[in-house]
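A short write-up of the structure that comes next.
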Amino acid sequence: MSVHTKAALNTVASFVLGLLLFGLVLAISNKHNQTYDATKDKRLSLSEQSLNLIRDLKKPVRAVVFTNDYQAKQVEKVLEKYKVANPAMFSFRVLDPIRNPGAAKSYAVQYSGQGVLELVEPNQGDAPSKRQERLNDLEEQTITNALLKLSERSELKIGFLTGHGERSLTEQQPFGLLALKGVLEPEAFKPEEFSLAKTPNVPADYAAVVIAAPRSALLDNEKESLTKYLEGGGRLLFEYDISTDASYSKLLAGYGIEVPDEIVLCPDKYGRFNQDSVIVPGLPVSKTHAVTKDQGDQVVLVLPHPVRPGDPAKANGYAAEPLISSVDVCLARPVAEVLKNAIQVDGKPSAFPLVTVASKKLASAAPAASTSPVASASPAPENTRESRIAVLGGEMFSNQVVKVAGNRDFTVNLLSWLVQAESRISIRPSEEASKPLILGAGQMEKIILLELLLVPAIFLLIGILSAVKRR
């Protein structure tokens with residue numbers, strides 16, 4: 001065999017071997033598809049909340065989406081993220097509504113971009129399911145919300161007390177709670193207002209009660225109803241702001257939480273205490289508690305009181321623990337002094353607890369009976385049920401601050417812990433922020449120098465050297 005023939009055979013063999021190896025790599029990568037999101041805020045990946053939900057599915061779910069060929073590939077990329085997280089329980093179909101008019105009609109789809117999530121029953125085939133949730137867009141939040149409604153996680157009712165000057169769920173002004181309602185509803189919470197003047201007892205189907213900055217004291221019968229609710233295993237989230245009636249401090253002391261008549265103030269960047277001191281950043285105290293262990297962002301409170309564990313002997317069996325604390329350069333001044341805007345910079349700067357929780361294990365408990373025929377929506381079994389209380393020292397979930405910094409995640413996660421639904425605790429994806437590149441005058445001069453002088457000079461030098469070498 002000639003040298004040329006051997007060389008040709010070696011070339012052909014190398015080519016065939018390389019082709020086989022390339023095909024093998026493609027087959028392996030196609031079967032074991034792995035991706036890595038290198039973006040800083042992981043905006044190309046599913047959030048922890050979505051991943052936890054899809055992995056915990058107990059019944060198979062299918063997405064049926066109708067779109068045109070132009071958008072089909074993008075739609076498949078979105079749904080593929082869910083399928084990769086749990087291929088045994090999640091599948092999807094992407095159909096063209098024009099080419100599949102019968103399927104579009106059976107799913108009541110009217111235009112491209114719509115679809116449904118449905119529970120897949122045995123031997124269902126391609127027929128529509130009886131359990132469906134509509135998808136009017138393919139944003140992650142929309143798909144995850146539909147998954148929440150389809151999964152075994154029931155919607156939990158949260159009662160917001162009214163009648164004492166509390167913040168309202170329908171109020172659109174800065175101090176209202178309309179934005180909070182919009183935050184809670186996608187998380188399978190159902191916030192609604194109620195009055196103890198109209199309902200003698202806290203409804204039994206409430207997973208928790210929220211009292212948001214009440215201005216006037218509870219009546220004796222209302223206090224008795226609330227006490228009865230908590231003793232029966234109820235849960236309370238209390239927002240204590242600068243205008244809250246002082247009688248609530250005595251009420252909370254009976255559950256191991258102390259709220260002194262002071263306001264925490266933090267200095268501005270120049271070390272001064274002024275009108276900017278009302279905004280107090282808070283950082284997690286505990287890295288082991290379910291609510292704060294993954295809380296990376298600070299929270300923000302407006303004019304907060306210190307909220308600390310009280311005297312255990314007067315706590316009626318409740319164990320209190322601080323969750324959020326201010327930075328260690330703050331002062332606590334009397335409320336009257338702050339209201340008069342006559343702040344005295346006195347005392348040693350320190351850190352102050354701003355959010356404290358308390359809990360009490362109950363052998364067997366259920367909230368006080370009511371006229372409601374609906375059973376308690378609490379996800380916790382009765383033999384592990386706890387009475388839990390969380391107190392925020394200042395304004396945190398009003399319209400003007402609920403979406404600031406880490407307030408949204410903290411509020412939802414705190415409420416999830418409160419109702420003993422720890423599986424709902426997660427850090428949600430933040431909205432992608434605009435990050436413009438801002439250059440100083442010196443930096444602009446360097447860029448101009450580089451583009452107009454240095455780069456052309458390099459190419460000119462290369463040209464001169466090349467010409468000299470040729471000669």
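We name chains A, B, ... following the order of the structure tokens; residues begin at 1 in each chain, and ligands are numbered from 1 as shown.
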
Using DSSP secondary structure from the backbone, list all helix (DSSP H, G or I) positions within region 167-298 of chain A, as a PyMOL selection string.
chain A and resi 178-187+220-231+247-253+275-278

Which residues, written as a short mmCIF file (atom, residue, chain, number, x, y, z; two decimals) with C-alpha atoms, in the first residue's frame, have at least one atom at most 12 Å from Ala108 (chain A), with only C-alpha atoms counted and residues fewer than 5 positions away on the same chain left out?
data_model
loop_
_atom_site.label_atom_id
_atom_site.label_comp_id
_atom_site.auth_asym_id
_atom_site.auth_seq_id
_atom_site.Cartn_x
_atom_site.Cartn_y
_atom_site.Cartn_z
CA VAL A 64 -51.41 23.39 26.35
CA VAL A 65 -50.45 26.65 24.64
CA PHE A 66 -51.66 28.05 21.33
CA PRO A 97 -54.63 27.82 16.65
CA PRO A 101 -59.06 25.00 15.24
CA GLY A 102 -60.79 22.04 16.90
CA ALA A 103 -58.30 21.91 19.78
CA GLN A 114 -53.41 31.90 25.24
CA GLY A 115 -53.39 28.49 26.84
CA VAL A 116 -54.20 26.42 29.91
CA PRO A 128 -59.18 18.67 27.72
CA GLN A 132 -57.85 23.76 34.29
CA GLU A 133 -56.31 27.16 34.93
CA ARG A 134 -56.17 29.79 32.18
CA LEU A 135 -52.90 31.25 30.88
CA ASN A 136 -53.33 34.64 29.23
#

Might you pull out every residue within 8 Å of region 70-81 of chain A, with only C-alpha atoms counted and same-chain residues fewer than 5 positions away left off, and present them as an mmCIF file with all heavy atoms, in the first residue's frame?
data_model
loop_
_atom_site.group_PDB
_atom_site.id
_atom_site.type_symbol
_atom_site.label_atom_id
_atom_site.label_comp_id
_atom_site.auth_asym_id
_atom_site.auth_seq_id
_atom_site.Cartn_x
_atom_site.Cartn_y
_atom_site.Cartn_z
ATOM 1 N N SER A 45 -33.353 31.893 34.705
ATOM 2 C CA SER A 45 -33.717 30.635 35.352
ATOM 3 C C SER A 45 -35.024 30.796 36.109
ATOM 4 O O SER A 45 -35.466 31.914 36.384
ATOM 5 C CB SER A 45 -32.614 30.198 36.331
ATOM 6 O OG SER A 45 -31.375 30.110 35.687
ATOM 7 N N LEU A 46 -35.634 29.662 36.442
ATOM 8 C CA LEU A 46 -36.832 29.705 37.276
ATOM 9 C C LEU A 46 -36.454 30.117 38.691
ATOM 10 O O LEU A 46 -35.374 29.793 39.190
ATOM 11 C CB LEU A 46 -37.503 28.331 37.305
ATOM 12 C CG LEU A 46 -38.114 27.832 35.998
ATOM 13 C CD1 LEU A 46 -38.726 26.452 36.205
ATOM 14 C CD2 LEU A 46 -39.158 28.799 35.470
ATOM 15 N N ALA A 63 -49.242 21.651 30.174
ATOM 16 C CA ALA A 63 -49.515 22.973 29.625
ATOM 17 C C ALA A 63 -49.879 22.812 28.157
ATOM 18 O O ALA A 63 -49.169 22.138 27.405
ATOM 19 C CB ALA A 63 -48.294 23.871 29.764
ATOM 20 N N PHE A 92 -45.891 19.459 28.095
ATOM 21 C CA PHE A 92 -46.537 20.581 27.408
ATOM 22 C C PHE A 92 -46.763 20.270 25.938
ATOM 23 O O PHE A 92 -46.080 19.426 25.344
ATOM 24 C CB PHE A 92 -45.724 21.869 27.570
ATOM 25 C CG PHE A 92 -44.365 21.831 26.939
ATOM 26 C CD1 PHE A 92 -44.183 22.164 25.594
ATOM 27 C CD2 PHE A 92 -43.249 21.485 27.682
ATOM 28 C CE1 PHE A 92 -42.936 22.143 25.003
ATOM 29 C CE2 PHE A 92 -41.987 21.457 27.102
ATOM 30 C CZ PHE A 92 -41.835 21.795 25.761
ATOM 31 N N VAL A 94 -47.489 22.634 22.318
ATOM 32 C CA VAL A 94 -47.557 23.952 21.698
ATOM 33 C C VAL A 94 -48.217 23.786 20.341
ATOM 34 O O VAL A 94 -47.678 23.098 19.467
ATOM 35 C CB VAL A 94 -46.161 24.588 21.566
ATOM 36 C CG1 VAL A 94 -46.263 25.943 20.886
ATOM 37 C CG2 VAL A 94 -45.496 24.721 22.937
ATOM 38 N N LEU A 138 -47.390 34.037 29.097
ATOM 39 C CA LEU A 138 -46.451 32.989 29.490
ATOM 40 C C LEU A 138 -45.331 33.529 30.369
ATOM 41 O O LEU A 138 -44.206 33.046 30.332
ATOM 42 C CB LEU A 138 -45.867 32.313 28.253
ATOM 43 C CG LEU A 138 -46.863 31.416 27.507
ATOM 44 C CD1 LEU A 138 -46.219 30.847 26.271
ATOM 45 C CD2 LEU A 138 -47.371 30.298 28.406
#

Write out as JSON, numbers by chain the set of residues from region 219-248 of chain A that DSSP, computed on the backbone, places in strand (DSSP E or B).
{"A": [235, 236, 237, 238, 239]}

Write a file of the selected residues as a tab-separated table (two decimals), in the first residue's frame, keeping N, CA and C atoms.
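New file selection-v5.tsv:
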chain	number	residue	atom	x	y	z
A	235	ARG	N	-53.22	32.63	64.66
A	235	ARG	CA	-51.97	33.30	64.25
A	235	ARG	C	-52.25	34.77	64.01
A	236	LEU	N	-51.33	35.62	64.44
A	236	LEU	CA	-51.53	37.06	64.37
A	236	LEU	C	-50.30	37.75	63.81
A	237	LEU	N	-50.52	38.61	62.81
A	237	LEU	CA	-49.47	39.50	62.28
A	237	LEU	C	-49.87	40.92	62.63
A	238	PHE	N	-49.02	41.60	63.41
A	238	PHE	CA	-49.35	42.93	63.93
A	238	PHE	C	-48.33	43.94	63.44
A	239	GLU	N	-48.83	45.02	62.79
A	239	GLU	CA	-47.97	46.13	62.40
A	239	GLU	C	-48.19	47.28	63.36

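Counting from CA of Arg333 (chain A), the distance to CA of Leu251 (chain A) is 22.2 Å.
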
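Each of A:Phe273, A:Phe410, A:Tyr111, A:Tyr240 was checked against Val345 (chain A) using only C-alpha atoms; the smallest atom-to-atom distance is that of A:Phe273.
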
Which residue, A:Val302, A:Ala207, A:Val357, A:Leu323, has the smallest gap to Gln420 (chain A) when you use only C-alpha atoms?
A:Ala207

Between A:Ser398, A:Ser416, A:Ser129, A:Asn10, which one has atoms that come closest to Gly176 (chain A), using only C-alpha atoms?
A:Ser398

What's around Pro186 (chain A) at 9 Å? Count only C-alpha atoms, leave out sequence neighbours fewer than 5 positions away in its own chain, and write the answer as a compact mmCIF listing (two decimals) with N, CA, C and O atoms, in the first residue's frame.
# COMPACT_ATOMS: atom_id res chain seq x y z
N GLN A 141 -44.47 34.29 36.46
CA GLN A 141 -45.40 34.52 37.57
C GLN A 141 -46.78 33.96 37.23
O GLN A 141 -47.45 33.37 38.07
N THR A 142 -47.23 34.13 35.97
CA THR A 142 -48.54 33.63 35.56
C THR A 142 -48.59 32.11 35.61
O THR A 142 -49.54 31.51 36.11
N THR A 144 -46.61 30.04 37.33
CA THR A 144 -46.46 29.58 38.71
C THR A 144 -47.75 29.79 39.50
O THR A 144 -48.14 28.94 40.31
N ASN A 145 -48.43 30.91 39.26
CA ASN A 145 -49.72 31.15 39.93
C ASN A 145 -50.73 30.06 39.56
O ASN A 145 -51.47 29.56 40.41
N ALA A 146 -50.75 29.71 38.26
CA ALA A 146 -51.68 28.66 37.83
C ALA A 146 -51.30 27.31 38.44
O ALA A 146 -52.18 26.53 38.83
N LEU A 148 -49.90 26.91 41.35
CA LEU A 148 -50.33 27.00 42.75
C LEU A 148 -51.80 26.62 42.89
O LEU A 148 -52.18 25.88 43.80

Shortest contact to Ala358 (chain A), candidates A:Ile257, A:Ile98, A:Val338, A:Leu265, atoms counted only C-alpha atoms, goes to A:Ile257

Pick from A:Ala88, A:Val278, A:Val210, A:Ala336, whichever lies nearest to Ile54 (chain A) using only C-alpha atoms:
A:Ala88

Out of A:Lys157, A:Lys6, A:Lys446, A:Lys105, which residue has the shortest atom-to-atom distance to Glu193 (chain A) when counting only C-alpha atoms?
A:Lys157

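With only C-alpha atoms taken into account, the protein and nucleic acid residues at most 12 Å from Lys287 (chain A) (excluding it and anything under 5 positions from it in its own chain) are A:Thr292, A:Lys293, A:Asp294, A:Gln295, A:Gly296, A:Pro322, A:Leu323, A:Ile324.
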